[in-house]
Every structure is written in structure tokens, then in C-alpha cells.
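Listing of my_file_29.txt; format and content: compact mmCIF, C-alpha atoms.
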# COMPACT_ATOMS: atom_id res chain seq x y z
CA MET E 14 112.91 147.99 125.76
CA LYS E 15 115.23 150.30 127.70
CA TYR E 16 113.07 153.30 126.74
CA ALA E 17 109.92 151.56 127.95
CA LEU E 18 111.52 150.72 131.29
CA THR E 19 113.27 154.06 131.78
CA TYR E 20 110.33 156.25 130.83
CA GLY E 21 107.72 153.89 132.29
CA LEU E 22 109.05 152.99 135.72
CA LEU E 23 109.76 156.59 136.66
CA PRO E 24 106.20 157.90 136.20
CA GLY E 25 104.76 154.76 137.78
CA PHE E 26 106.75 155.41 140.95
CA VAL E 27 106.06 159.17 140.86
CA ILE E 28 102.32 158.60 140.54
CA ILE E 29 102.03 156.11 143.34
CA ALA E 30 104.37 158.07 145.64
CA THR E 31 102.30 161.21 145.12
CA LEU E 32 99.00 159.41 145.65
CA LEU E 33 100.23 157.56 148.72
CA THR E 34 101.53 160.81 150.18
CA GLY E 35 98.07 162.27 149.66
CA LEU E 36 96.47 159.25 151.36
CA VAL E 37 98.83 159.29 154.31
CA LEU E 38 99.11 163.04 154.96
CA THR E 39 95.55 164.19 154.35
CA ASP E 40 92.11 163.09 155.41
CA ALA E 41 89.87 160.99 153.19
CA ASP E 42 87.73 163.97 152.20
CA SER E 43 90.54 166.22 150.94
CA PHE E 44 91.20 167.04 147.29
CA PHE E 45 94.53 165.18 147.55
CA SER E 46 92.63 161.95 148.23
CA SER E 47 90.12 162.45 145.41
CA GLU E 48 89.85 160.57 142.13
CA TRP E 49 90.25 163.88 140.25
CA PHE E 50 93.60 164.51 141.88
CA GLY E 51 94.70 160.94 141.20
CA TYR E 52 93.93 161.12 137.50
CA LEU E 53 95.51 164.58 137.23
CA VAL E 54 98.71 163.20 138.76
CA MET E 55 98.59 160.25 136.36
CA LEU E 56 98.13 162.49 133.34
CA VAL E 57 100.98 164.81 134.32
CA ALA E 58 103.38 161.97 135.19
CA LEU E 59 102.50 160.04 132.05
CA THR E 60 103.80 162.89 129.92
CA PHE E 61 106.99 160.83 130.27
CA ILE E 62 105.43 158.75 127.49
CA PHE E 63 105.72 161.72 125.15
CA VAL E 64 109.29 162.38 126.31
CA GLY E 65 110.25 158.72 125.92
CA VAL E 66 108.74 158.37 122.43
CA LYS E 67 110.39 161.62 121.34
CA ARG E 68 113.75 160.48 122.69
CA TYR E 69 113.34 157.12 120.94
CA ARG E 70 112.42 158.90 117.69
CA ASP E 71 115.35 161.28 117.90
CA VAL E 72 118.09 158.92 119.13
CA GLU E 73 117.19 155.51 117.70
CA ARG E 74 115.21 156.46 114.61
CA GLY E 75 117.14 159.44 113.28
CA GLY E 76 114.40 161.97 114.09
CA VAL E 77 111.69 160.17 112.09
CA ILE E 78 109.10 157.67 113.30
CA LYS E 79 105.87 156.27 111.91
CA PHE E 80 102.68 156.06 113.92
CA GLY E 81 102.91 152.28 114.58
CA PRO E 82 106.36 152.18 116.17
CA ALA E 83 105.66 155.39 118.10
CA PHE E 84 102.39 154.00 119.44
CA ALA E 85 104.03 150.67 120.31
CA MET E 86 106.76 152.46 122.25
CA GLY E 87 104.15 154.57 124.02
CA LEU E 88 102.20 151.44 124.97
CA GLY E 89 105.38 149.83 126.28
CA ILE E 90 106.06 152.86 128.45
CA ALA E 91 102.43 152.89 129.67
CA ALA E 92 102.62 149.17 130.51
CA ALA E 93 105.86 149.63 132.46
CA ALA E 94 104.28 152.54 134.36
CA GLY E 95 101.27 150.35 135.12
CA VAL E 96 103.42 147.51 136.42
CA ALA E 97 105.38 149.91 138.66
CA TYR E 98 102.10 151.40 139.90
CA VAL E 99 100.69 147.98 140.75
CA ALA E 100 103.91 146.80 142.43
CA VAL E 101 104.15 149.80 144.72
CA TRP E 102 100.40 149.72 145.50
CA GLU E 103 100.65 146.04 146.45
CA ALA E 104 103.65 146.81 148.67
CA TYR E 105 101.67 149.62 150.33
CA LEU E 106 98.72 147.31 150.94
CA ALA E 107 101.00 144.68 152.49
CA ILE E 108 102.76 147.23 154.71
CA THR E 109 99.43 148.60 155.95
CA ASP E 110 98.06 145.09 156.54
CA TYR E 111 95.49 145.49 153.73
CA THR E 112 93.41 148.04 155.69
CA PHE E 113 92.81 150.30 152.68
CA MET E 114 89.46 148.78 151.71
CA ASP E 115 88.18 148.93 155.31
CA GLU E 116 89.05 152.63 155.49
CA TYR E 117 87.63 153.29 152.03
CA ILE E 118 84.32 151.61 152.87
CA ALA E 119 84.11 153.36 156.24
CA GLY E 120 84.56 156.70 154.43
CA ILE E 121 81.76 155.88 151.99
CA VAL E 122 79.45 154.86 154.83
CA ARG E 123 80.18 158.10 156.73
CA ALA E 124 79.48 160.13 153.59
CA ARG E 125 76.18 158.31 152.95
CA GLN E 126 75.11 158.76 156.56
CA ALA E 127 76.01 162.47 156.36
CA ASP E 128 73.80 162.64 153.25
CA GLY E 129 70.93 161.24 155.34
CA VAL E 130 70.93 157.69 153.98
CA SER E 131 69.82 155.20 156.62
CA GLY E 132 67.79 152.06 157.21
CA THR E 133 67.17 149.76 154.25
CA ALA E 134 68.92 152.03 151.76
CA LEU E 135 72.09 152.06 153.87
CA ALA E 136 71.87 148.29 154.40
CA GLU E 137 71.63 147.72 150.63
CA GLU E 138 74.64 149.96 150.06
CA MET E 139 76.57 148.13 152.79
CA ALA E 140 75.82 144.78 151.09
CA LYS E 141 77.28 146.10 147.81
CA LEU E 142 80.33 147.43 149.64
CA GLU E 143 80.83 144.10 151.41
CA SER E 144 80.76 142.35 148.04
CA MET E 145 83.37 144.83 146.81
CA ARG E 146 85.52 144.11 149.91
CA VAL E 147 85.45 140.35 149.17
CA GLN E 148 86.39 140.89 145.52
CA TYR E 149 89.20 143.32 146.40
CA ALA E 150 90.71 140.78 148.82
CA ASN E 151 91.36 138.49 145.84
CA PRO E 152 94.67 139.46 144.17
CA LEU E 153 93.43 138.02 140.85
CA PHE E 154 90.74 140.72 140.92
CA ARG E 155 92.68 143.51 142.66
CA ILE E 156 95.88 143.50 140.58
CA PRO E 157 94.20 143.80 137.16
CA MET E 158 91.82 146.43 138.55
CA THR E 159 94.76 148.44 139.88
CA PHE E 160 96.52 148.18 136.51
CA LEU E 161 93.33 149.35 134.79
CA GLU E 162 93.29 152.50 136.91
CA ILE E 163 96.39 153.81 135.16
CA PHE E 164 96.68 152.04 131.81
CA PRO E 165 93.79 153.78 129.99
CA VAL E 166 95.38 157.15 130.80
CA GLY E 167 98.70 155.85 129.43
CA LEU E 168 96.92 154.51 126.35
CA LEU E 169 95.46 157.94 125.64
CA VAL E 170 98.81 159.68 126.14
CA ALA E 171 100.53 157.07 123.93
CA LEU E 172 97.96 157.65 121.19
CA VAL E 173 98.33 161.43 121.28
CA SER E 174 102.12 161.17 121.47
CA ALA E 175 102.26 158.85 118.44
CA LEU E 176 99.96 161.11 116.45
CA LEU E 177 102.04 164.19 117.23
CA LEU E 178 105.54 162.75 117.02
CA ARG E 179 105.08 161.07 113.65
CA ASN E 180 105.59 164.60 112.31
CA PRO E 181 109.39 165.08 112.29
CA LYS E 182 108.90 168.87 112.21
CA LEU E 183 107.33 168.79 115.68
CA LEU E 184 110.15 169.37 118.13
CA PRO E 185 112.80 168.23 115.64
CA ALA E 186 115.91 166.45 116.82
CA THR E 187 118.79 168.82 117.50
CA GLY E 188 122.44 168.26 116.85

Rendering of file as C-alpha cells:
Amino acid sequence: MKYALTYGLLPGFVIIATLLTGLVLTDADSFFSSEWFGYLVMLVALTFIFVGVKRYRDVERGGVIKFGPAFAMGLGIAAAAGVAYVAVWEAYLAITDYTFMDEYIAGIVRARQADGVSGTALAEEMAKLESMRVQYANPLFRIPMTFLEIFPVGLLVALVSALLLRNPKLLPATG
């Protein structure tokens, strides 16, 4: 449990701090506000899963671990990172008076208008975006969706970490 919290909370906070910095300090069209950047940050920060599973293998398991326990530890770390990510995102939304979705939708509308979309096509798109705004206002929709932004990345890293670290010859314990 302590490994999941230690190696999960840290990347969760690092990810959201980096992404929020990108949102606050750059404009909506910059690379630092893009989905690609967000998932790159998640992938890099979630390497703590590998570090946490390796540390667990080396310290608690004598340098040997089977796939199942390694994967379970990785999932625990990914879940803790997801919870931290959601908690900080919800705090950010509250601090900014939940204006994120308004700004996000306004950015999409500007982009569509710049692409030449207008009239009925723009109205249809606006109706979809308004539906999205209503759903996102509901925390029972928003919180799981926010968790699902990060958890699949953590799941993938946990899987790869478990596959690699079940081999005790890979980065063997020292000492």
C-alpha cells in the first residue's frame, strides 16, 4: 500500500501541475495545451510505476516477483496517480469557478469558424458541444471521465513494467 501511495501520488501531482501550468501560461492553441503533450507528460510521469514496482520487487520481495503481484502493484500505483490527478483537477475547476468547459468550447468554436464552418453545420456542432457542457457539469460524469484520461496510460505502463520486472536479471537488486 505504501508503494502504491508513494509512487502513485507523486506522478499524479506532477502530471496535473505540468498540464495546469501549460493551460495557465500558454494559449489554447499551443503545443503545451494539446492532447499530445498531455499524454506525453502522463507517460513520462507514470514511469514512476516502473520505479515503484522495481523498488517493491527489490526491497519487499528479495529481488524476485511474479507477473501477478508486479501487475497488481503497478495497478495500485496507477490508481493512486489517477485519484491524485482527479483531486487536483477538481480543485482547479473549483478555484477557476468551473470555467474550463466554457473556454474549451469557445476554443473549438473559434477553430471551426477559422476552418470555414458556419450556418447549419456550426449550429449542429454547437448543439453537440452544449450537450457535452451539460454532461461535464455533472460530477458523476466528470470525475470518472477525468480518471479515465490517465488510468489507461497507467494500465499500459503497469503491464509493461510487470512483464519486464518479472525477470530478476533485469536491473537486479544491488547490495

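Near Val54 (chain E), within 10 Å and counting all atoms listed in the file, sit Pro24, Val27, Ile28, Ile29, Thr31, Leu32, Phe45, Glu48, Trp49, Phe50, Ala58 and Leu59 of chain E; same-chain residues fewer than 4 positions away were not included.
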
C-alpha atoms of the current selection, written as a PDB file, in the frame of the given file:
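New file part06.pdb:
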ATOM      1  CA  PRO E  24     106.200 157.900 136.200  1.00  0.00           C
ATOM      2  CA  VAL E  27     106.060 159.170 140.860  1.00  0.00           C
ATOM      3  CA  ILE E  28     102.320 158.600 140.540  1.00  0.00           C
ATOM      4  CA  ILE E  29     102.030 156.110 143.340  1.00  0.00           C
ATOM      5  CA  THR E  31     102.300 161.210 145.120  1.00  0.00           C
ATOM      6  CA  LEU E  32      99.000 159.410 145.650  1.00  0.00           C
ATOM      7  CA  PHE E  45      94.530 165.180 147.550  1.00  0.00           C
ATOM      8  CA  GLU E  48      89.850 160.570 142.130  1.00  0.00           C
ATOM      9  CA  TRP E  49      90.250 163.880 140.250  1.00  0.00           C
ATOM     10  CA  PHE E  50      93.600 164.510 141.880  1.00  0.00           C
ATOM     11  CA  ALA E  58     103.380 161.970 135.190  1.00  0.00           C
ATOM     12  CA  LEU E  59     102.500 160.040 132.050  1.00  0.00           C
TER      13      LEU E  59
END

Task: Exercise: residues within 12 Å of coordinate (107.3, 164.3, 110.5), counting all atoms listed in the file, as an MDAnalysis selection string - done: chainID E and resid 67 70:71 74:80 83 175:186

Dump of C-alpha atoms for the selected residues, as a short mmCIF file (atom, residue, chain, number, x, y, z; two decimals), in the frame of the given file:
data_model
loop_
_atom_site.label_atom_id
_atom_site.label_comp_id
_atom_site.auth_asym_id
_atom_site.auth_seq_id
_atom_site.Cartn_x
_atom_site.Cartn_y
_atom_site.Cartn_z
CA LYS E 67 110.39 161.62 121.34
CA ARG E 70 112.42 158.90 117.69
CA ASP E 71 115.35 161.28 117.90
CA ARG E 74 115.21 156.46 114.61
CA GLY E 75 117.14 159.44 113.28
CA GLY E 76 114.40 161.97 114.09
CA VAL E 77 111.69 160.17 112.09
CA ILE E 78 109.10 157.67 113.30
CA LYS E 79 105.87 156.27 111.91
CA PHE E 80 102.68 156.06 113.92
CA ALA E 83 105.66 155.39 118.10
CA ALA E 175 102.26 158.85 118.44
CA LEU E 176 99.96 161.11 116.45
CA LEU E 177 102.04 164.19 117.23
CA LEU E 178 105.54 162.75 117.02
CA ARG E 179 105.08 161.07 113.65
CA ASN E 180 105.59 164.60 112.31
CA PRO E 181 109.39 165.08 112.29
CA LYS E 182 108.90 168.87 112.21
CA LEU E 183 107.33 168.79 115.68
CA LEU E 184 110.15 169.37 118.13
CA PRO E 185 112.80 168.23 115.64
CA ALA E 186 115.91 166.45 116.82
#

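All residues of protein, DNA or RNA that reach within 10 Å of Ala119 (chain E), judged by only C-alpha atoms and not counting those fewer than 5 positions away in the chain, are Phe113, Met114, Ala124, Arg125, Met139 and Leu142 of chain E.
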
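Going from CA of Arg155 (chain E) to CA of Glu103 (chain E) covers 9.2 Å.
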
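Compared by their closest atoms to Ala85 (chain E), and using all atoms listed in the file, the residues E:Tyr69, E:Val99, E:Gln148, E:Ala140 rank with E:Tyr69 nearest.
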
- [ ] Please provide as a PyMOL selection string all residues within 9 Å of Arg146 (chain E), with the sequence filter that same-chain residues fewer than 3 positions apart are discarded (counting all atoms listed in the file).
- [x] chain E and resi 114-115+118+141-143+149-150

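When only C-alpha atoms are used to measure the gap to Thr60 (chain E), the shortest distance among E:Phe164, E:Ile108, E:Tyr20, E:Met158 belongs to E:Tyr20.
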
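Of the residues listed (E:Leu88, E:Met55, E:Ser174, E:Thr159), E:Leu88 shows the shortest atom-to-atom separation from Ala17 (chain E); distances use only C-alpha atoms.
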
Task: Nearest to Thr187 (chain E) by atom-to-atom distance, counting all atoms listed in the file, from E:Arg68, E:Tyr52, E:Leu36, E:Leu169 - done: E:Arg68

Task: Which residue of E:Pro157, E:Ala94, E:Ala100, E:Met86 approaches Glu73 (chain E) most closely, using only C-alpha atoms - done: E:Met86

Open item on the list: Residues near Gly87 (chain E), anyone? I mean within 7 Å using only C-alpha atoms, not counting same-chain ones fewer than 5 positions away, as an MDAnalysis selection string.
Closed with: chainID E and resid 62 66 171

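Between CA of Val170 (chain E) and CA of Val57 (chain E) the interatomic distance comes to 9.9 Å.
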
Task: From E:Ala92, E:Leu22, E:Ala107, E:Val122, residue lying nearest Pro152 (chain E) [only C-alpha atoms] - done: E:Ala107

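In this model, the gap between CA of Gly21 (chain E) and CA of Gly95 (chain E) comes to 7.9 Å.
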
Please give the centre and size of the box around region 64-83 of chain E (axis-aligned, containing every atom listed in the file, 3 Å added per side), with values in Å to one decimal and written as JSON.
{"center_x": 110.4, "center_y": 157.3, "center_z": 119.1, "size_x": 21.4, "size_y": 16.2, "size_z": 20.4}

For region 96-119 of chain E in the structure I just supplied, write out N, CA and C atoms - as a tab-separated table (two decimals), in the first residue's frame.
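Now in out25.tsv:
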chain	number	residue	atom	x	y	z
E	96	VAL	N	-6.27	8.99	-8.86
E	96	VAL	CA	-7.01	9.68	-7.80
E	96	VAL	C	-6.39	11.06	-7.54
E	97	ALA	N	-5.06	11.12	-7.49
E	97	ALA	CA	-4.39	12.42	-7.30
E	97	ALA	C	-4.71	13.36	-8.45
E	98	TYR	N	-4.67	12.84	-9.67
E	98	TYR	CA	-4.97	13.62	-10.87
E	98	TYR	C	-6.38	14.20	-10.80
E	99	VAL	N	-7.34	13.37	-10.44
E	99	VAL	CA	-8.73	13.81	-10.34
E	99	VAL	C	-8.89	14.85	-9.23
E	100	ALA	N	-8.28	14.60	-8.08
E	100	ALA	CA	-8.43	15.53	-6.95
E	100	ALA	C	-7.90	16.92	-7.29
E	101	VAL	N	-6.72	16.97	-7.90
E	101	VAL	CA	-6.15	18.28	-8.23
E	101	VAL	C	-6.95	18.94	-9.35
E	102	TRP	N	-7.42	18.17	-10.33
E	102	TRP	CA	-8.23	18.74	-11.41
E	102	TRP	C	-9.53	19.32	-10.84
E	103	GLU	N	-10.17	18.61	-9.94
E	103	GLU	CA	-11.40	19.11	-9.33
E	103	GLU	C	-11.13	20.38	-8.52
E	104	ALA	N	-10.00	20.44	-7.83
E	104	ALA	CA	-9.63	21.66	-7.10
E	104	ALA	C	-9.42	22.81	-8.07
E	105	TYR	N	-8.74	22.54	-9.18
E	105	TYR	CA	-8.53	23.58	-10.20
E	105	TYR	C	-9.86	24.08	-10.75
E	106	LEU	N	-10.76	23.18	-11.06
E	106	LEU	CA	-12.07	23.58	-11.57
E	106	LEU	C	-12.80	24.47	-10.57
E	107	ALA	N	-12.75	24.09	-9.29
E	107	ALA	CA	-13.43	24.88	-8.26
E	107	ALA	C	-12.80	26.26	-8.12
E	108	ILE	N	-11.48	26.32	-8.14
E	108	ILE	CA	-10.78	27.60	-7.99
E	108	ILE	C	-11.09	28.53	-9.16
E	109	THR	N	-11.23	27.96	-10.35
E	109	THR	CA	-11.49	28.77	-11.55
E	109	THR	C	-12.99	28.91	-11.83
E	110	ASP	N	-13.81	28.57	-10.85
E	110	ASP	CA	-15.26	28.70	-10.95
E	110	ASP	C	-15.83	27.89	-12.12
E	111	TYR	N	-15.23	26.75	-12.39
E	111	TYR	CA	-15.71	25.79	-13.41
E	111	TYR	C	-15.83	26.42	-14.80
E	112	THR	N	-14.90	27.30	-15.15
E	112	THR	CA	-14.93	27.96	-16.46
E	112	THR	C	-14.22	27.16	-17.54
E	113	PHE	N	-13.57	26.07	-17.19
E	113	PHE	CA	-12.79	25.31	-18.16
E	113	PHE	C	-13.62	24.93	-19.39
E	114	MET	N	-14.79	24.36	-19.17
E	114	MET	CA	-15.58	23.86	-20.30
E	114	MET	C	-16.02	25.02	-21.20
E	115	ASP	N	-16.35	26.16	-20.61
E	115	ASP	CA	-16.72	27.33	-21.43
E	115	ASP	C	-15.56	27.73	-22.34
E	116	GLU	N	-14.36	27.78	-21.76
E	116	GLU	CA	-13.18	28.16	-22.54
E	116	GLU	C	-12.85	27.10	-23.59
E	117	TYR	N	-13.00	25.84	-23.23
E	117	TYR	CA	-12.72	24.74	-24.15
E	117	TYR	C	-13.67	24.80	-25.35
E	118	ILE	N	-14.96	24.98	-25.08
E	118	ILE	CA	-15.95	25.05	-26.15
E	118	ILE	C	-15.72	26.28	-27.02
E	119	ALA	N	-15.41	27.40	-26.40
E	119	ALA	CA	-15.15	28.63	-27.17
E	119	ALA	C	-13.96	28.42	-28.11
